[in-house]
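Read the structure below first, then the notes.
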Amino acid sequence: MSTLMSPSKEGSSNDHDVETKAEPEGLPLNQTRVTPVKRSRRRLFVIIGIVCAFVVVLALGLGLGLGLGLKKKSSSNYVTTNSSFLLDPNFVVTNTPTTRYYEFVISETVGSPDGFERPMLVVNNQFPGPLVEVNSGDELVVNVFNQLSNGTTIHWHGQLQNGTNYMDGTNGITQCPIPPGMNFTYRFTINPNQYGTFWYHAHASTQYTDGIYGPLVIHSPSEPIYGQYDREALVILSDWYNVMSSGLLTQYLSVAGIDGSNYGGVNPGAEPPPDSGLINGKMTGSSLDLQPNLRYRLRLINMGTLTEFMFSVDSHVLSVVEADGTSLEPVNVHRVPIHVAQRYSVILTTNQTAGSYNVRAEMQSTCYKLSNPNLNTMVLATMTYGASPTTPNTQDWSDAFPALCLDLNSTMIVPQIAMNPPNSTQTVIVAASFQQTIQSGGAQTLAFINNTSWEADSTNPTLLQMSKTGIQTAFDSSQLMVVNDNITVVDLIVNNYDDGSHPFHLHGHVFWIIGEGDGSYLPGVSQLNTINPPRRDTLTLPGYGWVVIRFITDNPGLWAFHCHIGWHMAAGMLMQFASLPSQIQQLQIPSYLSNQCGEQSGGLLVN
């Protein structure tokens, strides 16, 4: 049985503070209380949003987001910055599974990644958060303690979570926010056939924009590219704002938009442009200290909120060998475009003249709808080998690369393990757009998939709803749901009615990208490719374009499909796939998950 629920809506390095260790015996993994903090009773977009927006507007005026009026970095360090993520070469890569235990403390502190002090949200007082490193088949246990004044969740981006949908960490879908002063234990087994470069981040409102994110690396001797490199390093790219995201979000959703950019509805969905870009948590000063004549696997991760980056290293060819956990036939390039939430691995050989070289992450500001004249779009780090580090005077590659706000050409993303998708048994067509609408609280510009703008129900997530009533579940009008109670091969066609590109992520699945193009998809006319097409978990939907992905609904649970631009998801650009409701009812959902839903104080506890 297949059901499309599309309700109408009114208004249309291993720098760990906590090391991997054996799980301590007797550790309470459910309702343990930590240091009490004041519990917030504020609702999203209401009191705090209005206050933050007012303060931000006064402080920044028409230059919102440009860092005006903020204090320069002081001499003291408030947060530990992981500026170099060289992986430990002594990590044992094996097929013998074990349990890896971590503790995360989520808290608010003060930091200055780009030279301006601001409040930020961190994991174990680190930014980016600590590296989680596992082997395929390992059990991962992460006990998350929430010391914020509002709720949060942690999503394990790209993890299949087969049989453990309740550990996906998606607010309003697979769990309620972890209440202030409480903890939640994420416990799941890494799929034995999954390996590559992944990450984790907060999945509640725009919290990860303020710093709650970090890398997750899965090793395996079975990975096709394993053994083709000598060392590994992480390169984390992100954009950064000099104010907290909650105030920006309130303005973004207002009828006037950011700095009044949408008066008269002329610029719906115009996002706040960032103030800077970061490499491994710094605007300047990040360094990769390497050894000469070695092959380095650089694991690139875009943990930003809005920005696509163009990554390159002066004088060094990059061999692209992985995209979102799928090993690729190597292809040599000078530059790699990487959109929000995507990952690539490239192999770089340190065989040029000894010295220091520029590592470049150029922010693709042409993809922004609003400009920031104070933004330096060329973010630099330093790579050094065979010599003492110096300020590089190396030059960028001279060949031009068009700023198209798109992925690598699909012909360059060829999986090493060839896999043709099965024939489709169902077609679902949706459209992504921005619309100005009148809600009960006033006018807003919201994002839509079809005629539904998603809102998280932080007291009654859709997984818990379906676990009780199965396929008979009647979801709220803000939930666009495709329900399949049998294993189905879905062709999902997404038409983009917005001029901007959208990096869409599907939870719990690796999908085939079988077609993309300009305009709207035309059945029987638009060309599709089913011969070993690209496989990944995050794609780029082109502006005023279309894309077709194919996936199998064989993973029981509630799975989000959403734009990973943080502003767009918070505005409602999300839908869900409810797979195998009868099996969802058999999931062993921990009691502390539903208990924490009962702890919600006055509704939403997220920013």
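In the structure tokens, each chain is lettered A, B, ... as it comes, each chain's residues begin at 1, and ligands are numbered from 1 in order of appearance.
Near Thr305 of chain A, within a cut-off of 10 Å and counting only C-alpha atoms, sit the residues Thr206, Tyr208, Thr209, Asp210, Ser238, Asp239, Trp240, Tyr241, Pro274, His339, Val340, Ala341, His564, Ile565, Gly566, Trp567 and His568 of chain A, with same-chain residues fewer than 5 positions away left out.
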Which residues are near Gln194 of chain A? Cut-off 10 Å, only C-alpha atoms, ignore same chain within fewer than 2 positions. Put them as a ChimeraX atom specification. /A:135-137,158-160,190-192,196-197,218-220,222-223,325-326
Those same residues, written as a short mmCIF file (atom, residue, chain, number, x, y, z; two decimals), in the first residue's frame with C-alpha atoms?
data_model
loop_
_atom_site.label_atom_id
_atom_site.label_comp_id
_atom_site.auth_asym_id
_atom_site.auth_seq_id
_atom_site.Cartn_x
_atom_site.Cartn_y
_atom_site.Cartn_z
CA ASN A 135 35.01 1.01 11.95
CA SER A 136 32.17 -0.43 9.90
CA GLY A 137 30.08 -2.72 12.10
CA GLY A 158 24.39 9.87 6.39
CA GLN A 159 23.91 7.01 8.85
CA LEU A 160 21.40 4.46 7.60
CA ILE A 190 27.27 1.28 12.00
CA ASN A 191 26.10 -0.55 8.90
CA PRO A 192 28.79 -3.17 8.06
CA GLY A 196 33.60 6.95 4.30
CA THR A 197 33.25 10.55 5.45
CA ILE A 218 33.97 5.31 9.24
CA HIS A 219 36.93 3.10 8.30
CA SER A 220 36.81 -0.30 6.65
CA SER A 222 36.54 -3.30 2.49
CA GLU A 223 36.41 0.29 1.30
CA GLY A 325 30.49 7.65 1.51
CA THR A 326 30.59 6.18 -2.01
#
So that I can see what lies close to segment 380-386 of chain A, please list as a ChimeraX atom specification the residues with an atom at most 9 Å from it, counting only C-alpha atoms and leaving out residues fewer than 5 positions away in the same chain. /A:278-280,282-293,313,350,353-362,391-392
Writing out the chosen residues with N, CA, C and O atoms as a short mmCIF file (atom, residue, chain, number, x, y, z; two decimals), in the first residue's frame:
data_model
loop_
_atom_site.label_atom_id
_atom_site.label_comp_id
_atom_site.auth_asym_id
_atom_site.auth_seq_id
_atom_site.Cartn_x
_atom_site.Cartn_y
_atom_site.Cartn_z
N LEU A 278 35.15 29.67 7.23
CA LEU A 278 36.12 29.05 8.12
C LEU A 278 36.65 27.76 7.52
O LEU A 278 35.94 27.03 6.83
N ILE A 279 37.92 27.48 7.79
CA ILE A 279 38.53 26.18 7.51
C ILE A 279 38.96 25.59 8.84
O ILE A 279 39.76 26.18 9.56
N ASN A 280 38.40 24.44 9.18
CA ASN A 280 38.67 23.80 10.47
C ASN A 280 38.50 24.77 11.63
O ASN A 280 39.30 24.81 12.57
N LYS A 282 38.52 28.13 11.75
CA LYS A 282 39.21 29.42 11.77
C LYS A 282 39.09 30.11 10.43
O LYS A 282 39.13 29.46 9.38
N MET A 283 38.99 31.46 10.48
CA MET A 283 39.01 32.23 9.24
C MET A 283 40.44 32.33 8.71
O MET A 283 40.68 32.30 7.51
N THR A 284 41.39 32.46 9.62
CA THR A 284 42.81 32.46 9.27
C THR A 284 43.56 31.63 10.31
O THR A 284 43.12 31.50 11.45
N GLY A 285 44.67 31.06 9.91
CA GLY A 285 45.55 30.38 10.86
C GLY A 285 45.45 28.88 10.90
O GLY A 285 46.25 28.23 11.56
N SER A 286 44.46 28.29 10.21
CA SER A 286 44.41 26.83 10.16
C SER A 286 45.58 26.31 9.33
O SER A 286 45.94 26.91 8.31
N SER A 287 46.15 25.21 9.76
CA SER A 287 47.33 24.70 9.06
C SER A 287 47.28 23.18 8.98
O SER A 287 46.76 22.51 9.86
N LEU A 288 47.82 22.67 7.89
CA LEU A 288 48.03 21.24 7.70
C LEU A 288 49.53 21.02 7.61
O LEU A 288 50.17 21.40 6.63
N ASP A 289 50.09 20.45 8.66
CA ASP A 289 51.54 20.18 8.70
C ASP A 289 51.76 18.73 8.28
O ASP A 289 51.54 17.81 9.06
N LEU A 290 52.18 18.54 7.04
CA LEU A 290 52.25 17.22 6.44
C LEU A 290 53.70 16.78 6.26
O LEU A 290 54.64 17.52 6.56
N GLN A 291 53.86 15.56 5.77
CA GLN A 291 55.18 15.00 5.49
C GLN A 291 55.35 14.92 3.97
O GLN A 291 54.39 14.68 3.24
N PRO A 292 56.58 15.09 3.49
CA PRO A 292 56.79 15.05 2.04
C PRO A 292 56.69 13.64 1.47
O PRO A 292 56.87 12.64 2.18
N ASN A 293 56.35 13.59 0.19
CA ASN A 293 56.32 12.35 -0.60
C ASN A 293 55.36 11.30 -0.04
O ASN A 293 55.65 10.11 -0.04
N VAL A 313 44.02 23.50 -3.66
CA VAL A 313 45.33 23.68 -3.03
C VAL A 313 46.29 24.11 -4.12
O VAL A 313 46.41 23.43 -5.16
N THR A 350 52.16 14.93 -1.70
CA THR A 350 53.08 16.00 -1.28
C THR A 350 54.43 15.81 -1.99
O THR A 350 55.44 15.52 -1.37
N THR A 353 57.76 21.17 -4.54
CA THR A 353 58.87 21.78 -3.82
C THR A 353 58.52 21.96 -2.35
O THR A 353 57.41 22.40 -2.02
N ALA A 354 59.44 21.61 -1.46
CA ALA A 354 59.19 21.75 -0.03
C ALA A 354 58.85 23.20 0.30
O ALA A 354 59.44 24.14 -0.24
N GLY A 355 57.89 23.37 1.20
CA GLY A 355 57.49 24.71 1.60
C GLY A 355 56.04 24.79 1.99
O GLY A 355 55.40 23.76 2.26
N SER A 356 55.51 26.00 1.99
CA SER A 356 54.12 26.24 2.40
C SER A 356 53.27 26.65 1.20
O SER A 356 53.73 27.41 0.33
N TYR A 357 52.02 26.16 1.18
CA TYR A 357 51.11 26.41 0.07
C TYR A 357 49.76 26.87 0.61
O TYR A 357 49.34 26.47 1.70
N ASN A 358 49.10 27.70 -0.19
CA ASN A 358 47.74 28.13 0.17
C ASN A 358 46.74 27.00 -0.04
O ASN A 358 46.73 26.36 -1.09
N VAL A 359 45.92 26.78 0.98
CA VAL A 359 44.73 25.95 0.86
C VAL A 359 43.56 26.90 0.74
O VAL A 359 43.37 27.76 1.60
N ARG A 360 42.76 26.77 -0.32
CA ARG A 360 41.74 27.75 -0.63
C ARG A 360 40.34 27.14 -0.52
O ARG A 360 40.09 26.06 -1.05
N ALA A 361 39.47 27.89 0.13
CA ALA A 361 38.04 27.56 0.15
C ALA A 361 37.31 28.83 -0.25
O ALA A 361 37.08 29.71 0.58
N GLU A 362 36.97 28.93 -1.53
CA GLU A 362 36.34 30.15 -2.01
C GLU A 362 34.84 30.04 -1.87
O GLU A 362 34.21 29.12 -2.41
N THR A 391 54.41 32.10 5.61
CA THR A 391 53.25 32.62 4.91
C THR A 391 53.39 32.31 3.43
O THR A 391 54.37 32.72 2.79
N PRO A 392 52.45 31.56 2.85
CA PRO A 392 52.63 31.15 1.45
C PRO A 392 52.54 32.34 0.49
O PRO A 392 51.79 33.30 0.73
#
Out of segment 171-383 of chain A, which residues get alpha helix (DSSP H) from DSSP, as JSON, numbers by chain? {"A": [245, 246, 247, 248, 249, 250, 251, 252, 253]}
Compile the contact shell of segment 173-175 of chain A as a ChimeraX atom specification: residues with an atom at most 8 Å away, counting only C-alpha atoms, same-chain residues fewer than 2 positions apart removed. /A:153,165-171,177,456-458,461-464,558-560,593-594,597
Could you write those residues out with C-alpha atoms, as a tab-separated table (two decimals), in the first residue's frame?
chain	number	residue	atom	x	y	z
A	153	THR	CA	19.12	16.94	19.27
A	165	ASN	CA	15.22	5.06	13.19
A	166	TYR	CA	14.62	6.44	16.70
A	167	MET	CA	18.35	7.25	16.90
A	168	ASP	CA	18.33	9.50	13.82
A	169	GLY	CA	18.21	12.61	16.01
A	170	THR	CA	15.67	14.68	14.07
A	171	ASN	CA	13.59	17.05	16.16
A	177	PRO	CA	14.44	17.83	21.98
A	456	ALA	CA	8.36	20.43	13.85
A	457	ASP	CA	6.05	19.03	16.50
A	458	SER	CA	8.55	18.95	19.35
A	461	PRO	CA	7.25	13.48	16.84
A	462	THR	CA	5.85	11.72	13.82
A	463	LEU	CA	7.74	8.50	14.63
A	464	LEU	CA	5.94	8.16	17.97
A	558	LEU	CA	10.20	8.19	9.38
A	559	TRP	CA	12.82	9.74	7.12
A	560	ALA	CA	13.21	13.45	6.44
A	593	LEU	CA	12.72	8.90	24.30
A	594	SER	CA	8.99	9.15	24.91
A	597	CYS	CA	8.62	14.25	25.19
Hey, what's within 7 Å of segment 520-537 of chain A if we count only C-alpha atoms and toss same-chain stuff fewer than 3 positions away? As a PyMOL selection string, please? chain A and resi 158+323-324+326+410+413-415+418-421+495+505-506+509-515+545-546
Using only C-alpha atoms, which residues sit within 10 Å of Gln588 of chain A once same-chain residues fewer than 3 positions away are excluded, as number ranges by chain? A: 163-166, 467, 584-585, 591
Store the residues of this selection in a file with N, CA, C and O atoms, as a PDB file, in the first residue's frame.
ATOM      1  N   GLY A 163      16.758  -0.192  11.432  1.00  0.00           N
ATOM      2  CA  GLY A 163      16.284  -0.791  12.676  1.00  0.00           C
ATOM      3  C   GLY A 163      16.386   0.119  13.873  1.00  0.00           C
ATOM      4  O   GLY A 163      15.891  -0.222  14.953  1.00  0.00           O
ATOM      5  N   THR A 164      17.023   1.288  13.697  1.00  0.00           N
ATOM      6  CA  THR A 164      17.176   2.233  14.821  1.00  0.00           C
ATOM      7  C   THR A 164      16.779   3.640  14.387  1.00  0.00           C
ATOM      8  O   THR A 164      17.441   4.621  14.717  1.00  0.00           O
ATOM      9  N   ASN A 165      15.694   3.758  13.650  1.00  0.00           N
ATOM     10  CA  ASN A 165      15.221   5.061  13.192  1.00  0.00           C
ATOM     11  C   ASN A 165      15.104   6.054  14.340  1.00  0.00           C
ATOM     12  O   ASN A 165      15.353   7.260  14.168  1.00  0.00           O
ATOM     13  N   TYR A 166      14.785   5.579  15.525  1.00  0.00           N
ATOM     14  CA  TYR A 166      14.617   6.444  16.699  1.00  0.00           C
ATOM     15  C   TYR A 166      15.934   7.053  17.168  1.00  0.00           C
ATOM     16  O   TYR A 166      15.933   7.890  18.070  1.00  0.00           O
ATOM     17  N   SER A 467       4.211   4.933  15.459  1.00  0.00           N
ATOM     18  CA  SER A 467       4.478   3.713  16.222  1.00  0.00           C
ATOM     19  C   SER A 467       3.246   3.262  17.005  1.00  0.00           C
ATOM     20  O   SER A 467       3.128   2.093  17.368  1.00  0.00           O
ATOM     21  N   ILE A 584       7.470  -0.317  11.746  1.00  0.00           N
ATOM     22  CA  ILE A 584       7.716   0.778  12.692  1.00  0.00           C
ATOM     23  C   ILE A 584       7.093   0.455  14.044  1.00  0.00           C
ATOM     24  O   ILE A 584       7.676   0.720  15.104  1.00  0.00           O
ATOM     25  N   GLN A 585       5.925  -0.156  14.019  1.00  0.00           N
ATOM     26  CA  GLN A 585       5.242  -0.494  15.266  1.00  0.00           C
ATOM     27  C   GLN A 585       5.979  -1.569  16.062  1.00  0.00           C
ATOM     28  O   GLN A 585       5.678  -1.787  17.232  1.00  0.00           O
ATOM     29  N   SER A 591      12.272   3.794  26.234  1.00  0.00           N
ATOM     30  CA  SER A 591      11.250   4.523  26.990  1.00  0.00           C
ATOM     31  C   SER A 591      11.682   5.948  27.289  1.00  0.00           C
ATOM     32  O   SER A 591      10.852   6.856  27.387  1.00  0.00           O
TER      33      SER A 591
END
Neighbour list for segment 123-125 of chain A as a ChimeraX atom specification, cut-off 8 Å, only C-alpha atoms, skip fewer than 6 positions in-chain: /A:17-18,79-80,104-107,109,212-213
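With atom CA of Tyr200 of chain A on one side and atom CA of Val132 of chain A on the other, the separation reads 9.0 Å.
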Any chance you could list, as number ranges by chain, the residues in segment 125-253 of chain A that come up strand (DSSP E) when DSSP is run on the backbone? A: 126-127, 132-135, 139-146, 154-157, 183-189, 196-202, 213-219, 231-240
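Note that atom CA of Ala204 of chain A and atom CA of Ser246 of chain A are 11.4 Å apart.
If you measure from each of A:Leu587, A:Arg335, A:Ser478, A:Asp491 to Val548 of chain A using only C-alpha atoms, the closest one turns out to be A:Asp491.
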Smallest atom-to-atom distance to His155 of chain A: which of A:Leu446, A:Arg295, A:His507, A:Thr307, using only C-alpha atoms? A:His507
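Closest approach to Gln416 of chain A from the set A:Ser433, A:Ala443, A:Val321, A:Arg297 is made by A:Val321, with distances taken over only C-alpha atoms.
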If you count only C-alpha atoms, the residue of A:Thr98, A:Thr81, A:Gln161, A:Ser453 closest to Val122 of chain A turns out to be A:Thr81
